[in-house]
$ cat data15.tsv   # TSV, C-alpha atoms
chain	number	residue	atom	x	y	z
A	8	MET	CA	329.30	81.20	46.99
A	9	THR	CA	326.33	83.40	47.82
A	10	ASP	CA	324.27	82.20	50.80
A	11	HIS	CA	321.10	81.36	48.89
A	12	VAL	CA	319.33	80.15	52.04
A	13	HIS	CA	319.79	83.57	53.64
A	14	ASP	CA	318.67	85.30	50.46
A	15	LEU	CA	315.56	83.16	50.15
A	16	ARG	CA	314.63	84.12	53.69
A	17	SER	CA	315.16	87.77	52.72
A	18	VAL	CA	312.95	87.31	49.65
A	19	ARG	CA	310.15	86.04	51.88
A	20	GLU	CA	310.58	88.95	54.30
A	21	ALA	CA	310.65	91.52	51.49
A	22	THR	CA	307.57	89.97	49.90
A	23	ASP	CA	305.71	90.06	53.21
A	24	ARG	CA	306.58	93.76	53.59
A	25	LEU	CA	305.31	94.49	50.11
A	26	LEU	CA	302.09	92.49	50.49
A	27	THR	CA	301.32	94.16	53.83
A	28	ALA	CA	301.80	97.62	52.29
A	29	VAL	CA	299.83	96.87	49.11
A	30	ALA	CA	296.92	95.40	51.09
A	31	LYS	CA	296.32	98.90	52.50
A	32	LEU	CA	295.62	100.30	49.02
A	33	ASP	CA	292.38	100.22	47.08
A	34	ASN	CA	291.54	99.42	43.46
A	35	ALA	CA	291.74	103.07	42.39
A	36	ALA	CA	295.25	103.41	43.80
A	37	LEU	CA	296.48	100.52	41.65
A	38	ALA	CA	295.55	102.45	38.51
A	39	GLU	CA	297.65	105.45	39.56
A	40	GLU	CA	301.13	106.13	38.24
A	41	SER	CA	304.14	104.50	39.85
A	42	HIS	CA	307.67	105.89	39.84
A	43	LEU	CA	308.32	103.97	36.61
A	44	PRO	CA	307.36	105.96	33.50
A	45	GLY	CA	304.39	104.42	31.70
A	46	TRP	CA	303.63	101.91	34.43
A	47	THR	CA	300.84	102.05	37.00
A	48	ARG	CA	301.15	100.32	40.35
A	49	GLY	CA	299.17	97.48	38.79
A	50	HIS	CA	301.85	97.04	36.13
A	51	ILE	CA	304.52	96.64	38.80
A	52	LEU	CA	302.50	94.06	40.73
A	53	ALA	CA	301.77	92.13	37.54
A	54	HIS	CA	305.47	92.19	36.65
A	55	LEU	CA	306.48	90.90	40.08
A	56	ALA	CA	304.09	87.96	39.84
A	57	ARG	CA	305.17	87.03	36.34
A	58	ASN	CA	308.85	87.43	37.26
A	59	ALA	CA	308.42	84.87	40.04
A	60	ASP	CA	307.00	82.41	37.53
A	61	ALA	CA	309.78	83.25	35.08
A	62	LEU	CA	312.38	82.35	37.70
A	63	VAL	CA	310.63	79.01	38.22
A	64	ASN	CA	311.25	78.47	34.49
A	65	VAL	CA	314.93	79.30	35.02
A	66	PHE	CA	315.33	76.78	37.83
A	67	GLU	CA	313.54	74.12	35.79
A	68	GLY	CA	315.70	74.63	32.70
A	69	ARG	CA	313.21	76.46	30.48
A	70	SER	CA	313.47	79.87	28.87
A	71	MET	CA	312.81	82.59	31.42
A	72	TYR	CA	310.15	84.17	29.20
A	73	GLU	CA	308.60	82.81	26.01
A	74	SER	CA	309.67	86.09	24.38
A	75	GLY	CA	310.03	89.74	25.20
A	76	THR	CA	306.70	90.40	23.54
A	77	ALA	CA	304.97	87.69	25.56
A	78	ARG	CA	306.44	89.13	28.78
A	79	ASP	CA	305.11	92.60	28.00
A	80	THR	CA	301.73	91.24	26.90
A	81	ASP	CA	301.30	89.30	30.14
A	82	ILE	CA	302.07	92.39	32.22
A	83	GLU	CA	299.58	94.50	30.26
A	84	ARG	CA	296.96	91.75	30.55
A	85	ASP	CA	297.27	91.55	34.33
A	86	ALA	CA	297.93	95.19	35.24
A	87	GLY	CA	294.29	96.25	35.51
A	88	ARG	CA	293.09	93.56	37.87
A	89	LEU	CA	291.43	94.17	41.21
A	90	LEU	CA	293.53	94.46	44.36
A	91	GLU	CA	292.56	91.05	45.73
A	92	GLU	CA	293.49	89.40	42.44
A	93	HIS	CA	296.91	91.05	42.48
A	94	LEU	CA	297.52	90.02	46.08
A	95	ALA	CA	296.48	86.42	45.46
A	96	ASP	CA	298.59	86.17	42.30
A	97	LEU	CA	301.68	87.54	44.01
A	98	ARG	CA	301.23	85.21	46.99
A	99	ASP	CA	300.69	82.18	44.73
A	100	SER	CA	303.55	82.95	42.33
A	101	THR	CA	305.90	83.57	45.25
A	102	ALA	CA	304.87	80.24	46.76
A	103	ARG	CA	305.64	78.51	43.44
A	104	PHE	CA	309.05	80.17	43.32
A	105	MET	CA	309.89	79.24	46.91
A	106	ALA	CA	308.70	75.65	46.38
A	107	THR	CA	311.00	75.29	43.38
A	108	THR	CA	314.00	76.40	45.42
A	109	GLU	CA	313.30	73.68	47.99
A	110	HIS	CA	314.06	70.93	45.46
A	111	ASP	CA	317.46	69.23	45.58
A	112	GLN	CA	319.63	70.94	42.99
A	113	ASP	CA	323.15	72.04	42.15
A	114	TRP	CA	323.34	75.63	43.35
A	115	SER	CA	326.77	76.02	41.73
A	116	ARG	CA	325.43	75.42	38.21
A	117	THR	CA	325.07	78.18	35.63
A	118	VAL	CA	321.55	79.15	34.61
A	119	GLU	CA	320.33	81.36	31.78
A	120	LEU	CA	318.23	84.43	32.50
A	121	ARG	CA	316.65	87.00	30.20
A	122	ASN	CA	318.42	88.24	27.06
A	123	GLY	CA	321.11	85.59	27.29
A	124	VAL	CA	322.41	86.72	30.68
A	125	THR	CA	323.86	83.86	32.72
A	126	ASP	CA	324.55	83.53	36.44
A	127	LEU	CA	325.02	80.94	39.14
A	128	ALA	CA	321.82	79.39	40.44
A	129	ALA	CA	322.87	80.49	43.95
A	130	ASN	CA	322.63	84.14	42.87
A	131	VAL	CA	319.05	83.91	41.60
A	132	PRO	CA	317.44	84.40	45.04
A	133	PHE	CA	319.28	87.72	45.44
A	134	ARG	CA	318.10	88.75	41.99
A	135	ARG	CA	314.52	88.05	43.13
A	136	TRP	CA	315.14	90.06	46.29
A	137	ILE	CA	316.24	92.96	44.06
A	138	GLU	CA	313.02	92.71	42.08
A	139	VAL	CA	310.80	92.71	45.16
A	140	ASP	CA	312.47	95.44	47.20
A	141	LEU	CA	313.34	97.88	44.39
A	142	HIS	CA	309.89	97.58	42.88
A	143	HIS	CA	308.37	98.13	46.32
A	144	VAL	CA	310.08	101.53	46.17
A	145	ASP	CA	308.86	102.00	42.59
A	146	LEU	CA	305.23	101.57	43.72
A	147	ASN	CA	305.37	105.12	45.16
A	148	ILE	CA	303.47	104.23	48.32
A	149	GLY	CA	305.87	105.56	50.95
A	150	TYR	CA	308.64	102.93	50.92
A	151	GLU	CA	311.80	104.81	49.95
A	152	LEU	CA	315.35	103.88	48.98
A	153	SER	CA	316.44	105.03	52.43
A	154	ASP	CA	314.06	102.43	53.95
A	155	LEU	CA	315.78	99.48	52.26
A	156	PRO	CA	317.73	97.12	54.53
A	157	ASP	CA	321.37	98.21	54.86
A	158	GLU	CA	322.59	94.80	53.71
A	159	PHE	CA	320.45	94.98	50.60
A	160	THR	CA	321.63	98.48	49.71
A	161	ALA	CA	325.30	97.58	50.10
A	162	ARG	CA	324.98	94.42	48.03
A	163	GLU	CA	322.92	96.10	45.34
A	164	ILE	CA	325.51	98.86	45.01
A	165	ASP	CA	328.16	96.13	44.61
A	166	PHE	CA	325.97	94.36	42.05
A	167	LEU	CA	325.36	97.47	39.96
A	168	ALA	CA	328.93	98.75	40.23
A	169	ASP	CA	330.02	95.39	38.81
A	170	ARG	CA	327.33	95.62	36.12
A	171	TRP	CA	328.70	98.93	34.84
A	172	SER	CA	332.35	97.87	35.14
A	173	GLY	CA	334.15	97.43	31.85
A	174	ARG	CA	331.53	99.41	29.93
A	175	PRO	CA	333.37	101.69	27.48
A	176	GLU	CA	330.54	104.25	27.51
A	177	VAL	CA	330.97	104.75	31.27
A	178	PRO	CA	334.20	106.51	32.35
A	179	PRO	CA	336.22	105.12	35.25
A	180	VAL	CA	334.42	106.22	38.43
A	181	ALA	CA	335.32	105.98	42.12
A	182	LEU	CA	332.30	105.55	44.40
A	183	VAL	CA	332.66	106.84	47.96
A	184	ALA	CA	329.82	106.16	50.40
A	185	THR	CA	329.25	107.93	53.69
A	186	ASP	CA	329.38	104.55	55.46
A	187	GLY	CA	333.11	104.43	54.63
A	188	ARG	CA	332.91	101.96	51.77
A	189	THR	CA	334.63	102.72	48.47
A	190	ARG	CA	334.10	101.01	45.14
A	191	ARG	CA	334.83	101.64	41.49
A	192	THR	CA	332.86	101.18	38.31
A	193	GLY	CA	332.99	102.06	34.63
A	194	SER	CA	335.68	101.38	32.07
A	195	ALA	CA	339.26	100.41	32.87
A	196	GLY	CA	341.81	102.91	34.07
A	197	ASP	CA	342.36	105.17	37.04
A	198	PRO	CA	339.11	106.87	38.00
A	199	ALA	CA	338.99	110.47	36.85
A	200	VAL	CA	335.63	111.13	38.49
A	201	THR	CA	334.78	110.56	42.14
A	202	VAL	CA	331.11	110.28	43.11
A	203	SER	CA	330.24	110.62	46.80
A	204	GLY	CA	327.03	110.33	48.79
A	205	THR	CA	324.97	108.23	51.14
A	206	PRO	CA	324.44	104.58	50.19
A	207	ALA	CA	320.81	105.36	49.25
A	208	GLU	CA	321.93	108.25	47.01
A	209	LEU	CA	324.54	106.10	45.27
A	210	LEU	CA	321.99	103.35	44.76
A	211	ALA	CA	319.53	105.85	43.28
A	212	TRP	CA	322.08	106.88	40.66
A	213	LEU	CA	323.31	103.38	39.83
A	214	ALA	CA	319.74	102.03	39.54
A	215	GLY	CA	318.26	105.06	37.75
A	216	ARG	CA	315.89	105.76	40.63
A	217	GLY	CA	314.96	108.73	42.79
A	218	ASP	CA	316.75	111.93	41.84
A	219	LYS	CA	319.18	109.87	39.69
A	220	GLY	CA	322.25	111.35	41.30
A	221	ALA	CA	321.22	114.99	41.69
A	222	SER	CA	322.06	114.89	45.41
A	223	LEU	CA	325.50	113.33	44.90
A	224	THR	CA	328.80	115.19	45.11
A	225	THR	CA	331.18	114.78	42.17
A	226	SER	CA	334.77	115.82	41.66
A	227	GLY	CA	337.04	115.50	38.65
A	228	GLY	CA	334.21	115.93	36.17
A	229	PRO	CA	330.43	115.86	35.76
A	230	LEU	CA	328.30	112.98	36.96
A	231	PRO	CA	328.48	110.34	34.20
A	232	GLU	CA	325.29	109.21	32.48
A	233	LEU	CA	324.66	105.52	32.96
A	234	PRO	CA	322.95	103.20	30.44
A	235	PRO	CA	319.40	102.14	31.25
A	236	LEU	CA	319.02	98.96	33.30

$ encode --input "data15.tsv" --output "C-alpha cells"
Amino acid sequence: MTDHVHDLRSVREATDRLLTAVAKLDNAALAEESHLPGWTRGHILAHLARNADALVNVFEGRSMYESGTARDTDIERDAGRLLEEHLADLRDSTARFMATTEHDQDWSRTVELRNGVTDLAANVPFRRWIEVDLHHVDLNIGYELSDLPDEFTAREIDFLADRWSGRPEVPPVALVATDGRTRRTGSAGDPAVTVSGTPAELLAWLAGRGDKGASLTTSGGPLPELPPL
C-alpha cells in the first residue's frame, strides 16, 4: 500500500513551497493569466482551497463536490479575492484536510472521488500532492516542471501512464526516460511508438503541460494525442 504518512508530509512541504512563493506576489499578479487557459492565478488558488475541502468530504463519506456546476461556481466566486484572503483560505483549508487525515480510519478502504472515480483512501494524499505541485507550476511564477521533486515526477509519470493504459484512442506507447526508466501506456499490444525524453518532458506530455511533448523524441510514428485530463 502507498505510504500515506510520507505523502501527507510531502503535501505539507509542497503547500509550504507554494504559499511562500505566492506570498511574494501582489493583488494585480493574481488577476494575470496562468498557464491554464481561461484561468487566472486567482482561479488556481481558489481551486486548490476548494479541492482541499472536497477531499475532506471524501474522507468523511460525502460527495466530493455538490455538483460540477457548484464546483465551478465556487472557483469563480473566490478567484478575484485579495492575496491575503487567498493565502488564509489555502492555509485554513489545508489545515482542515490534514486534520481529517489524523483521525483513525481504514486506509485500505475504497473512497469515491469526482465523476465516479474510486481509489484507496491511502492514495488520496498523493492525489492532493499532485494538485498542489502541478498547480504550483500552472501558476506561471517561476516554478517549472523541471523543479518538481524527482520522486514526485517519477510517481506522477507512473500514475498518468497507468491512467492512459487500456484506452483504445491511445495507441500502444513505450516511454523511455533519460533516467533509465521505461514504461508503457496506451491500448493493449506491442508498442509501435516509442517516446523518449527527460522525466520532466515526459510528464509535460502526459499531463498536457509545458510544450506538450514538442521536445520529445519519437520513433515508429508521430507523437500520439492524449485525451484531456

$ closest_residue --input "data15.tsv" --among "A:His143, A:Arg174, A:His42, A:Arg188" --to "Asp23 (chain A)" --atoms "all atoms listed in the file"
A:His143

$ residues_around --input "data15.tsv" --residues "region 98-109 of chain A" --least-positions-apart "5" --cutoff "9 Å" --atoms "all atoms listed in the file" --output "PyMOL selection string"
chain A and resi 15+19+22+26+55-63+66-67+93+132

$ residues_around --input "data15.tsv" --residues "Pro156 (chain A)" --least-positions-apart "6" --cutoff "12 Å" --atoms "only C-alpha atoms" --output "ChimeraX atom specification"
/A:17-18,20-21,24,136-137,140-141,150,162-163,206-207

$ residues_around --input "data15.tsv" --residues "Ser203 (chain A)" --least-positions-apart "5" --cutoff "7 Å" --atoms "all atoms listed in the file" --output "PyMOL selection string"
chain A and resi 182-184+223-225

$ axis_aligned_box --input "data15.tsv" --around "region 20-36 of chain A" --padding-each-side "6 Å" --output "AutoDock Vina command-line options"
--center_x 301.1 --center_y 96.2 --center_z 48.3 --size_x 31.1 --size_y 26.5 --size_z 23.9

$ residues_around --input "data15.tsv" --residues "Thr185 (chain A)" --least-positions-apart "2" --cutoff "6 Å" --atoms "all atoms listed in the file" --output "list in words"
Gly187, Gly204 and Thr205 of chain A

$ residues_around --input "data15.tsv" --residues "Ser74 (chain A)" --least-positions-apart "4" --cutoff "10 Å" --atoms "only C-alpha atoms" --output "list of chain:residue names"
A:Ser70, A:Arg78, A:Asp79, A:Thr80, A:Arg121, A:Asn122

$ atom_distance --input "data15.tsv" --atom1 "CA of Phe133 (chain A)" --atom2 "CA of Phe159 (chain A)"
9.0 Å

$ closest_residue --input "data15.tsv" --among "A:Ser222, A:Leu37, A:Ala30, A:Leu210" --to "Leu152 (chain A)" --atoms "all atoms listed in the file"
A:Leu210

$ atom_distance --input "data15.tsv" --atom1 "CA of Thr27 (chain A)" --atom2 "CA of Ala211 (chain A)"
24.1 Å

$ atom_distance --input "data15.tsv" --atom1 "CA of Asp85 (chain A)" --atom2 "CA of Asp33 (chain A)"
16.2 Å

$ decode --input "data15.tsv" --residues "region 49-62 of chain A" --atoms "all heavy atoms" --output "PDB file, in the first residue's frame"
ATOM      1  N   GLY A  49      -5.559  33.582  -9.606  1.00  0.00           N
ATOM      2  CA  GLY A  49      -6.569  33.519  -8.559  1.00  0.00           C
ATOM      3  C   GLY A  49      -7.482  32.318  -8.700  1.00  0.00           C
ATOM      4  O   GLY A  49      -7.899  31.720  -7.694  1.00  0.00           O
ATOM      5  N   HIS A  50      -7.806  31.943  -9.937  1.00  0.00           N
ATOM      6  CA  HIS A  50      -8.621  30.740 -10.154  1.00  0.00           C
ATOM      7  C   HIS A  50      -7.912  29.495  -9.617  1.00  0.00           C
ATOM      8  O   HIS A  50      -8.542  28.630  -8.984  1.00  0.00           O
ATOM      9  CB  HIS A  50      -8.909  30.550 -11.647  1.00  0.00           C
ATOM     10  CG  HIS A  50      -9.978  31.447 -12.191  1.00  0.00           C
ATOM     11  ND1 HIS A  50      -9.711  32.689 -12.708  1.00  0.00           N
ATOM     12  CD2 HIS A  50     -11.325  31.271 -12.302  1.00  0.00           C
ATOM     13  CE1 HIS A  50     -10.838  33.240 -13.124  1.00  0.00           C
ATOM     14  NE2 HIS A  50     -11.832  32.403 -12.878  1.00  0.00           N
ATOM     15  N   ILE A  51      -6.619  29.394  -9.882  1.00  0.00           N
ATOM     16  CA  ILE A  51      -5.876  28.220  -9.420  1.00  0.00           C
ATOM     17  C   ILE A  51      -5.854  28.153  -7.899  1.00  0.00           C
ATOM     18  O   ILE A  51      -6.078  27.088  -7.303  1.00  0.00           O
ATOM     19  CB  ILE A  51      -4.448  28.238  -9.989  1.00  0.00           C
ATOM     20  CG1 ILE A  51      -4.488  27.967 -11.494  1.00  0.00           C
ATOM     21  CG2 ILE A  51      -3.557  27.208  -9.275  1.00  0.00           C
ATOM     22  CD1 ILE A  51      -3.142  28.010 -12.176  1.00  0.00           C
ATOM     23  N   LEU A  52      -5.599  29.290  -7.244  1.00  0.00           N
ATOM     24  CA  LEU A  52      -5.565  29.292  -5.784  1.00  0.00           C
ATOM     25  C   LEU A  52      -6.933  28.960  -5.200  1.00  0.00           C
ATOM     26  O   LEU A  52      -7.029  28.220  -4.205  1.00  0.00           O
ATOM     27  CB  LEU A  52      -5.075  30.640  -5.279  1.00  0.00           C
ATOM     28  CG  LEU A  52      -3.629  30.993  -5.644  1.00  0.00           C
ATOM     29  CD1 LEU A  52      -3.293  32.404  -5.171  1.00  0.00           C
ATOM     30  CD2 LEU A  52      -2.652  29.985  -5.049  1.00  0.00           C
ATOM     31  N   ALA A  53      -7.988  29.489  -5.805  1.00  0.00           N
ATOM     32  CA  ALA A  53      -9.337  29.168  -5.340  1.00  0.00           C
ATOM     33  C   ALA A  53      -9.620  27.674  -5.507  1.00  0.00           C
ATOM     34  O   ALA A  53     -10.198  27.023  -4.619  1.00  0.00           O
ATOM     35  CB  ALA A  53     -10.364  29.997  -6.105  1.00  0.00           C
ATOM     36  N   HIS A  54      -9.208  27.119  -6.638  1.00  0.00           N
ATOM     37  CA  HIS A  54      -9.409  25.686  -6.874  1.00  0.00           C
ATOM     38  C   HIS A  54      -8.668  24.847  -5.841  1.00  0.00           C
ATOM     39  O   HIS A  54      -9.218  23.866  -5.317  1.00  0.00           O
ATOM     40  CB  HIS A  54      -8.927  25.316  -8.277  1.00  0.00           C
ATOM     41  CG  HIS A  54      -8.706  23.852  -8.463  1.00  0.00           C
ATOM     42  ND1 HIS A  54      -9.731  22.927  -8.353  1.00  0.00           N
ATOM     43  CD2 HIS A  54      -7.578  23.140  -8.727  1.00  0.00           C
ATOM     44  CE1 HIS A  54      -9.241  21.708  -8.554  1.00  0.00           C
ATOM     45  NE2 HIS A  54      -7.935  21.820  -8.773  1.00  0.00           N
ATOM     46  N   LEU A  55      -7.429  25.227  -5.524  1.00  0.00           N
ATOM     47  CA  LEU A  55      -6.663  24.441  -4.566  1.00  0.00           C
ATOM     48  C   LEU A  55      -7.307  24.442  -3.187  1.00  0.00           C
ATOM     49  O   LEU A  55      -7.330  23.408  -2.502  1.00  0.00           O
ATOM     50  CB  LEU A  55      -5.230  24.993  -4.474  1.00  0.00           C
ATOM     51  CG  LEU A  55      -4.306  24.611  -5.632  1.00  0.00           C
ATOM     52  CD1 LEU A  55      -2.999  25.386  -5.547  1.00  0.00           C
ATOM     53  CD2 LEU A  55      -4.044  23.107  -5.637  1.00  0.00           C
ATOM     54  N   ALA A  56      -7.836  25.586  -2.772  1.00  0.00           N
ATOM     55  CA  ALA A  56      -8.508  25.642  -1.473  1.00  0.00           C
ATOM     56  C   ALA A  56      -9.765  24.796  -1.460  1.00  0.00           C
ATOM     57  O   ALA A  56     -10.020  24.034  -0.516  1.00  0.00           O
ATOM     58  CB  ALA A  56      -8.831  27.090  -1.115  1.00  0.00           C
ATOM     59  N   ARG A  57     -10.572  24.912  -2.512  1.00  0.00           N
ATOM     60  CA  ARG A  57     -11.813  24.154  -2.562  1.00  0.00           C
ATOM     61  C   ARG A  57     -11.559  22.652  -2.750  1.00  0.00           C
ATOM     62  O   ARG A  57     -12.329  21.813  -2.285  1.00  0.00           O
ATOM     63  CB  ARG A  57     -12.706  24.684  -3.686  1.00  0.00           C
ATOM     64  CG  ARG A  57     -13.089  26.159  -3.543  1.00  0.00           C
ATOM     65  CD  ARG A  57     -14.092  26.414  -2.409  1.00  0.00           C
ATOM     66  NE  ARG A  57     -13.543  26.233  -1.079  1.00  0.00           N
ATOM     67  CZ  ARG A  57     -12.733  27.104  -0.451  1.00  0.00           C
ATOM     68  NH1 ARG A  57     -12.366  28.229  -1.049  1.00  0.00           N
ATOM     69  NH2 ARG A  57     -12.299  26.875   0.765  1.00  0.00           N
ATOM     70  N   ASN A  58     -10.473  22.298  -3.426  1.00  0.00           N
ATOM     71  CA  ASN A  58     -10.128  20.888  -3.574  1.00  0.00           C
ATOM     72  C   ASN A  58      -9.766  20.282  -2.224  1.00  0.00           C
ATOM     73  O   ASN A  58     -10.123  19.122  -1.940  1.00  0.00           O
ATOM     74  CB  ASN A  58      -8.965  20.730  -4.556  1.00  0.00           C
ATOM     75  CG  ASN A  58      -8.460  19.298  -4.645  1.00  0.00           C
ATOM     76  OD1 ASN A  58      -7.468  18.951  -4.004  1.00  0.00           O
ATOM     77  ND2 ASN A  58      -9.117  18.486  -5.439  1.00  0.00           N
ATOM     78  N   ALA A  59      -9.065  21.035  -1.380  1.00  0.00           N
ATOM     79  CA  ALA A  59      -8.747  20.526  -0.043  1.00  0.00           C
ATOM     80  C   ALA A  59     -10.022  20.218   0.732  1.00  0.00           C
ATOM     81  O   ALA A  59     -10.142  19.170   1.374  1.00  0.00           O
ATOM     82  CB  ALA A  59      -7.887  21.539   0.713  1.00  0.00           C
ATOM     83  N   ASP A  60     -10.988  21.134   0.673  1.00  0.00           N
ATOM     84  CA  ASP A  60     -12.258  20.890   1.350  1.00  0.00           C
ATOM     85  C   ASP A  60     -13.010  19.717   0.723  1.00  0.00           C
ATOM     86  O   ASP A  60     -13.677  18.940   1.426  1.00  0.00           O
ATOM     87  CB  ASP A  60     -13.126  22.150   1.303  1.00  0.00           C
ATOM     88  CG  ASP A  60     -12.663  23.214   2.291  1.00  0.00           C
ATOM     89  OD1 ASP A  60     -12.010  22.861   3.296  1.00  0.00           O
ATOM     90  OD2 ASP A  60     -12.962  24.408   2.058  1.00  0.00           O
ATOM     91  N   ALA A  61     -12.902  19.581  -0.599  1.00  0.00           N
ATOM     92  CA  ALA A  61     -13.572  18.469  -1.268  1.00  0.00           C
ATOM     93  C   ALA A  61     -12.992  17.130  -0.819  1.00  0.00           C
ATOM     94  O   ALA A  61     -13.727  16.137  -0.677  1.00  0.00           O
ATOM     95  CB  ALA A  61     -13.438  18.625  -2.784  1.00  0.00           C
ATOM     96  N   LEU A  62     -11.699  17.081  -0.567  1.00  0.00           N
ATOM     97  CA  LEU A  62     -11.093  15.835  -0.103  1.00  0.00           C
ATOM     98  C   LEU A  62     -11.447  15.537   1.346  1.00  0.00           C
ATOM     99  O   LEU A  62     -11.473  14.372   1.759  1.00  0.00           O
ATOM    100  CB  LEU A  62      -9.578  15.887  -0.309  1.00  0.00           C
ATOM    101  CG  LEU A  62      -9.141  15.882  -1.778  1.00  0.00           C
ATOM    102  CD1 LEU A  62      -7.633  16.011  -1.894  1.00  0.00           C
ATOM    103  CD2 LEU A  62      -9.630  14.635  -2.505  1.00  0.00           C
TER     104      LEU A  62
END
